[in-house]
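Before any comments, here is the structure.
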Amino acid sequence: MLLYLLEGLALIVFGIRFLRKGLDRLFGSRLSSWLATRTHNRWQAFGAGIAAGTVAPSSTALSVLSLQMLNTGRLSPEKMLAVLLGGSVGMTITAQLLASGVTNESGYLLIIGVIGFQILRRDVYRGIGQCIFALGLLFLGLHEISRGAGIMANDPQARDILSMTLSNPILTLLAAAILSVLLQSSTAAIGLAIGLSSGGVFPALAMVPWIVGTNLGLSVTSLLVGWKSWEGRRLGTASLVARAVIAVPAFLLSSSIMTALGQLPVSPFRQIAILQTGFNLIVGIAAIPLLEPLTRLVRYLVAPQPGDDSVQKPEFLDEKALDSPSLALAQATRQTQLMADQINTMFSQYWIAETTRNTDLAKRLQHEEDQIDTFNSSISDYLSRIGEGMSQEDTQWQFALLAFSNELESVGDIIDKNLCDSVIKRAAELVVFSQADAEILRQVHEAVTKRMQIAIGFLAWRDTDSAKGFLAGKETFNDWCRLLEKEHFQRLKAREPGTVSSSAYFLDVLNSFRRINSHISSIGYAFED
């Protein structure tokens with residue numbers, strides 16, 4: 001009996017994970033961009049969340065996606081909360097499928113799914129096959145739980161133990177909440193209840209406490225996912241408050257709710273799925289008009305104290321996103337953007353040190369370069385641990401991020417060991433560039449800065465046509481630098497004042513600019529056919 005129950009629960013947990021990966025293969029890489037364009041108002045955000053929860057049926061994945069979009073400023077906290085509440089409704093679609101009564105068809109789904117996932121080669125067909133196979137696992141898991149429940153129904157001792165546990169509403173609520181958090185899946189907790197109900201050992205009065213506990217556990221999961229940042233804490237807390245406001249009266253009115261639900265001509269396990277969907281719909285509909293006061297309240301309740309730096313600036317390499325390739329790649333892309341932004345700032349700060357002969361600033365920039373090395377190591381390690389299920393496009397982008405991160409580290413080394421070191425040495429030797437050489441370096445620095453900003457933009461927008469033009473501009477830039485070298489040699493030959501003493505430094509700085517341009521131009525290779 002226990003083996004059947006644990007086996008069924010394991011199949012449901014893995015089936016949900018596999019279904020999420022299949023849907024991620026089909027929609028994941030476009031989901032966050034689609035969400036950003038479908039959230040013009042709070043109700044649209046709620047509807048978009050329902051769609052997102054349907055194609056990403058995982059509380060952890062949805063929480064990571066929500067936090068990612070919130071941290072990047074793509075959605076306001078109010079709209080992001082609406083998306084999160086809508087996502088909870090969308091995730092109940094899987095529970096509805098579990099309660100559809102087609103568990104006997106699991107064998108057909110498994111066979112069809114294996115054919116699609118293992119034999120076919122196109123990503124879209126493999127994704128469909130993976131989803132069908134995952135549904136087969138879910139239905140098979142539900143069938144195994146039902147078998148275990150059937151044995152339990154004929155075992156007086158086991159039936160009495162379960163009845164004693166589920167007859168206590170508070171204990172039932174806590175058990176469902178803990179199970180939901182531990183499994184990181186509200187659907188798995190609901191699937192267990194559906195399986196036990198279909199086996200005839202899940203009492204009707206335990207349904208509402210179980211549903212309430214499962215959904216409170218879902219909010220706790222969101223809170224844990226976002227705990228590293230204040231905005232993440234606020235989003236999770238707001239979700240918990242919104243659900244608690246509905247959970248308390250629902251828990252107190254359990255008997256009345258079950259009496260009303262009993263009037264419907266549906267099976268008990270179908271009632272569980274209806275309760276799950278209905279609870280989340282009511283939470284969303286009640287909370288949407290009150291988003292602004294709710295978020296203001298949470299900002300007041302969850303606010304950092306003066307001098308409290310326990311929550312640092314959000315990092316984007318979230319371990320919980322690794323199981324979802326599209327989310328993990330989005331996290332790695334944002335971290336690479338953060339690294340590129342810091343490189344861009346260092347390059348701008350270097351020019352200030354150059355023009356003001358500020359050796360203290362140059363030394364500080366050399367110290368900051370250590371963080372660039374740390375960024376690169378973290379990004380490379382994270383990208384290497386992204387799980388299976390990536391499409392060909394995702395794999396190409398994974399390698400592009402690995403390459404670009406390494407190129408950015410090389411740029412940091414050039415700023416440290418060549419440019420800043422040049423500032424310090426020339427200040428010690430009292431060497432100053434001639435006016436003509438200084439103007440040329442200013443122009444080249446400005447050109448490199450513009451190309452660096454364009455390269456950073458490609459990380460966000462992935463404009464293929466513009467990227468190819470950007471890559472072609474690499475050689476144009478190199479030709480320009482070679483022309484500037486010739487002009488410098490002509491001034492050197494003419495013995496112009498200040499040119500001879502600083503010539504070696506000038507050529508080194510110019511060559512460093514050219515090398516930086518070559519490194520940042522590498523992002524264009526990601527868009528080649």
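Following the order of the structure tokens, chains are lettered A, B, ..., residues in each are numbered from 1, and ligands are numbered from 1.
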
Name the residues in contact with Ile415 (chain A) at a cut-off of 9 Å, using only C-alpha atoms, excluding same-chain residues fewer than 6 positions from it; report them as a PDB file with N, CA, C and O atoms, in the first residue's frame.
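Below is the file part30.pdb, written as the result:
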```
ATOM      1  N   ILE A 343      31.634  46.372 -17.204  1.00  0.00           N
ATOM      2  CA  ILE A 343      32.773  46.604 -18.096  1.00  0.00           C
ATOM      3  C   ILE A 343      32.650  47.975 -18.766  1.00  0.00           C
ATOM      4  O   ILE A 343      33.625  48.743 -18.870  1.00  0.00           O
ATOM      5  N   MET A 346      33.550  50.608 -16.285  1.00  0.00           N
ATOM      6  CA  MET A 346      35.001  50.634 -16.070  1.00  0.00           C
ATOM      7  C   MET A 346      35.713  51.332 -17.225  1.00  0.00           C
ATOM      8  O   MET A 346      36.650  52.105 -17.013  1.00  0.00           O
ATOM      9  N   PHE A 347      35.252  51.088 -18.450  1.00  0.00           N
ATOM     10  CA  PHE A 347      35.883  51.696 -19.630  1.00  0.00           C
ATOM     11  C   PHE A 347      35.688  53.211 -19.611  1.00  0.00           C
ATOM     12  O   PHE A 347      36.600  53.980 -19.963  1.00  0.00           O
ATOM     13  N   TYR A 350      37.890  54.599 -16.869  1.00  0.00           N
ATOM     14  CA  TYR A 350      39.291  54.633 -17.299  1.00  0.00           C
ATOM     15  C   TYR A 350      39.584  55.937 -18.037  1.00  0.00           C
ATOM     16  O   TYR A 350      40.640  56.554 -17.840  1.00  0.00           O
ATOM     17  N   LEU A 365      40.147  50.873 -10.349  1.00  0.00           N
ATOM     18  CA  LEU A 365      39.597  50.083 -11.446  1.00  0.00           C
ATOM     19  C   LEU A 365      40.317  48.742 -11.578  1.00  0.00           C
ATOM     20  O   LEU A 365      39.692  47.722 -11.896  1.00  0.00           O
ATOM     21  N   GLN A 366      41.613  48.740 -11.335  1.00  0.00           N
ATOM     22  CA  GLN A 366      42.355  47.480 -11.372  1.00  0.00           C
ATOM     23  C   GLN A 366      41.847  46.525 -10.292  1.00  0.00           C
ATOM     24  O   GLN A 366      41.773  45.315 -10.510  1.00  0.00           O
ATOM     25  N   GLU A 369      38.475  44.884 -11.262  1.00  0.00           N
ATOM     26  CA  GLU A 369      38.532  43.861 -12.299  1.00  0.00           C
ATOM     27  C   GLU A 369      38.408  42.454 -11.715  1.00  0.00           C
ATOM     28  O   GLU A 369      37.975  41.518 -12.402  1.00  0.00           O
ATOM     29  N   ASP A 421      47.284  50.454 -16.287  1.00  0.00           N
ATOM     30  CA  ASP A 421      48.724  50.403 -16.032  1.00  0.00           C
ATOM     31  C   ASP A 421      49.458  51.502 -16.802  1.00  0.00           C
ATOM     32  O   ASP A 421      50.418  52.092 -16.298  1.00  0.00           O
ATOM     33  N   SER A 512      45.168  48.515 -27.668  1.00  0.00           N
ATOM     34  CA  SER A 512      44.252  48.002 -26.631  1.00  0.00           C
ATOM     35  C   SER A 512      42.807  48.290 -27.009  1.00  0.00           C
ATOM     36  O   SER A 512      41.921  47.436 -26.834  1.00  0.00           O
ATOM     37  N   ILE A 516      39.921  45.495 -27.622  1.00  0.00           N
ATOM     38  CA  ILE A 516      38.624  45.535 -26.930  1.00  0.00           C
ATOM     39  C   ILE A 516      37.488  45.449 -27.934  1.00  0.00           C
ATOM     40  O   ILE A 516      36.508  44.711 -27.744  1.00  0.00           O
TER      41      ILE A 516
END
```

Worksheet item: With only C-alpha atoms as the basis for distance, which of A:Leu192, A:Leu23, A:Leu218, A:Ile523 is at the shortest distance from Arg126 (chain A)?
Response: A:Leu23

Determine, using only C-alpha atoms, which residues of region 318-396 of chain A have any atom at most 9 Å from an atom of region 447-463 of chain A, and tabulate each with its shortest atom pair and distance in Å to one decimal place, rows ordered by chain and then rising number, as CSV.
```
residue,atom,partner,partner_atom,distance
A:Thr333,CA,A:Leu459,CA,6.7
A:Arg334,CA,A:Leu459,CA,8.1
A:Thr336,CA,A:Leu459,CA,8.2
A:Gln337,CA,A:Ile456,CA,6.3
A:Ala340,CA,A:Ile456,CA,6.5
A:Asp341,CA,A:Ile456,CA,7.5
A:Asn344,CA,A:Met452,CA,6.9
A:Phe347,CA,A:Thr449,CA,7.7
A:Ser348,CA,A:Thr449,CA,7.7
```

Selection from above, C-alpha atoms, as a PDB file, in the first residue's frame, can you write it?
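Written out: again_33.pdb:
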```pdb
ATOM      1  CA  THR A 333      21.677  36.520 -20.124  1.00  0.00           C
ATOM      2  CA  ARG A 334      20.734  39.090 -17.493  1.00  0.00           C
ATOM      3  CA  THR A 336      25.970  38.682 -18.591  1.00  0.00           C
ATOM      4  CA  GLN A 337      24.293  42.047 -19.203  1.00  0.00           C
ATOM      5  CA  ALA A 340      28.834  43.941 -19.603  1.00  0.00           C
ATOM      6  CA  ASP A 341      27.374  47.030 -17.911  1.00  0.00           C
ATOM      7  CA  ASN A 344      31.203  49.595 -19.853  1.00  0.00           C
ATOM      8  CA  PHE A 347      35.883  51.696 -19.630  1.00  0.00           C
ATOM      9  CA  SER A 348      34.241  55.089 -19.078  1.00  0.00           C
TER      10      SER A 348
END
```

Fill in: In region 284-493 of chain A, DSSP alpha helix (DSSP H) residues written as a PyMOL selection string
chain A and resi 284-287+291-301+325-356+359-384+392-414+421-429+435-461+464-493

Practice prompt. Enter the distance from CA of Met207 (chain A) to CA of Leu9 (chain A), in Å, rounded to one decimal.
Written response: 18.1 Å

Using only C-alpha atoms, tabulate the residues of region 130-210 of chain A lying at most 12 Å from any atom of region 275-297 of chain A, each with its closest atom pair and that distance in Å to one decimal, by chain and increasing residue number, as CSV.
```
residue,atom,partner,partner_atom,distance
A:Ser186,CA,A:Gln276,CA,9.7
A:Thr187,CA,A:Gln276,CA,9.5
A:Ala189,CA,A:Gln276,CA,10.9
A:Ile190,CA,A:Gln276,CA,8.0
A:Gly191,CA,A:Gln276,CA,10.9
A:Ala193,CA,A:Gln276,CA,11.1
A:Ile194,CA,A:Gln276,CA,11.1
A:Ala204,CA,A:Leu275,CA,11.6
A:Ala206,CA,A:Leu275,CA,11.8
A:Met207,CA,A:Leu275,CA,8.1
A:Val208,CA,A:Leu275,CA,7.4
A:Pro209,CA,A:Leu275,CA,10.7
A:Trp210,CA,A:Gln276,CA,9.5
```

Those same residues - N, CA and C atoms - I'd like them written as a tab-separated table (two decimals), in the first residue's frame.
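Written file, out-v8.tsv:
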```tsv
chain	number	residue	atom	x	y	z
A	186	SER	N	2.32	22.42	-6.05
A	186	SER	CA	0.96	22.32	-5.52
A	186	SER	C	0.18	21.25	-6.28
A	187	THR	N	0.50	21.05	-7.56
A	187	THR	CA	-0.21	20.04	-8.36
A	187	THR	C	0.04	18.64	-7.82
A	189	ALA	N	0.59	17.83	-4.69
A	189	ALA	CA	-0.23	17.69	-3.48
A	189	ALA	C	-1.70	17.46	-3.84
A	190	ILE	N	-2.19	18.19	-4.85
A	190	ILE	CA	-3.58	18.00	-5.30
A	190	ILE	C	-3.74	16.62	-5.93
A	191	GLY	N	-2.73	16.18	-6.69
A	191	GLY	CA	-2.79	14.85	-7.31
A	191	GLY	C	-2.89	13.75	-6.28
A	193	ALA	N	-4.27	14.02	-3.31
A	193	ALA	CA	-5.65	14.07	-2.79
A	193	ALA	C	-6.63	13.44	-3.78
A	194	ILE	N	-6.46	13.72	-5.07
A	194	ILE	CA	-7.34	13.15	-6.09
A	194	ILE	C	-7.21	11.63	-6.11
A	204	ALA	N	-14.68	13.91	2.54
A	204	ALA	CA	-15.11	15.17	1.91
A	204	ALA	C	-14.76	16.39	2.76
A	206	ALA	N	-12.24	16.93	4.45
A	206	ALA	CA	-10.82	17.26	4.43
A	206	ALA	C	-10.44	18.04	3.17
A	207	MET	N	-11.39	18.15	2.22
A	207	MET	CA	-11.05	18.75	0.92
A	207	MET	C	-10.67	20.22	1.04
A	208	VAL	N	-11.51	21.01	1.72
A	208	VAL	CA	-11.26	22.44	1.81
A	208	VAL	C	-9.97	22.73	2.59
A	209	PRO	N	-9.76	22.13	3.78
A	209	PRO	CA	-8.48	22.36	4.47
A	209	PRO	C	-7.28	21.95	3.62
A	210	TRP	N	-7.41	20.87	2.86
A	210	TRP	CA	-6.30	20.43	2.01
A	210	TRP	C	-6.01	21.46	0.92
```

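Proximity to Ala332 (chain A) was assessed for A:Trp351, A:Tyr300, A:Phe251, A:Phe375 counting only C-alpha atoms; the smallest distance is recorded for A:Phe375.
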
Discussion item. Between CA of Val181 (chain A) and CA of Val212 (chain A), what is the distance in Å, rounded to a tenth?
Written reply: 13.2 Å
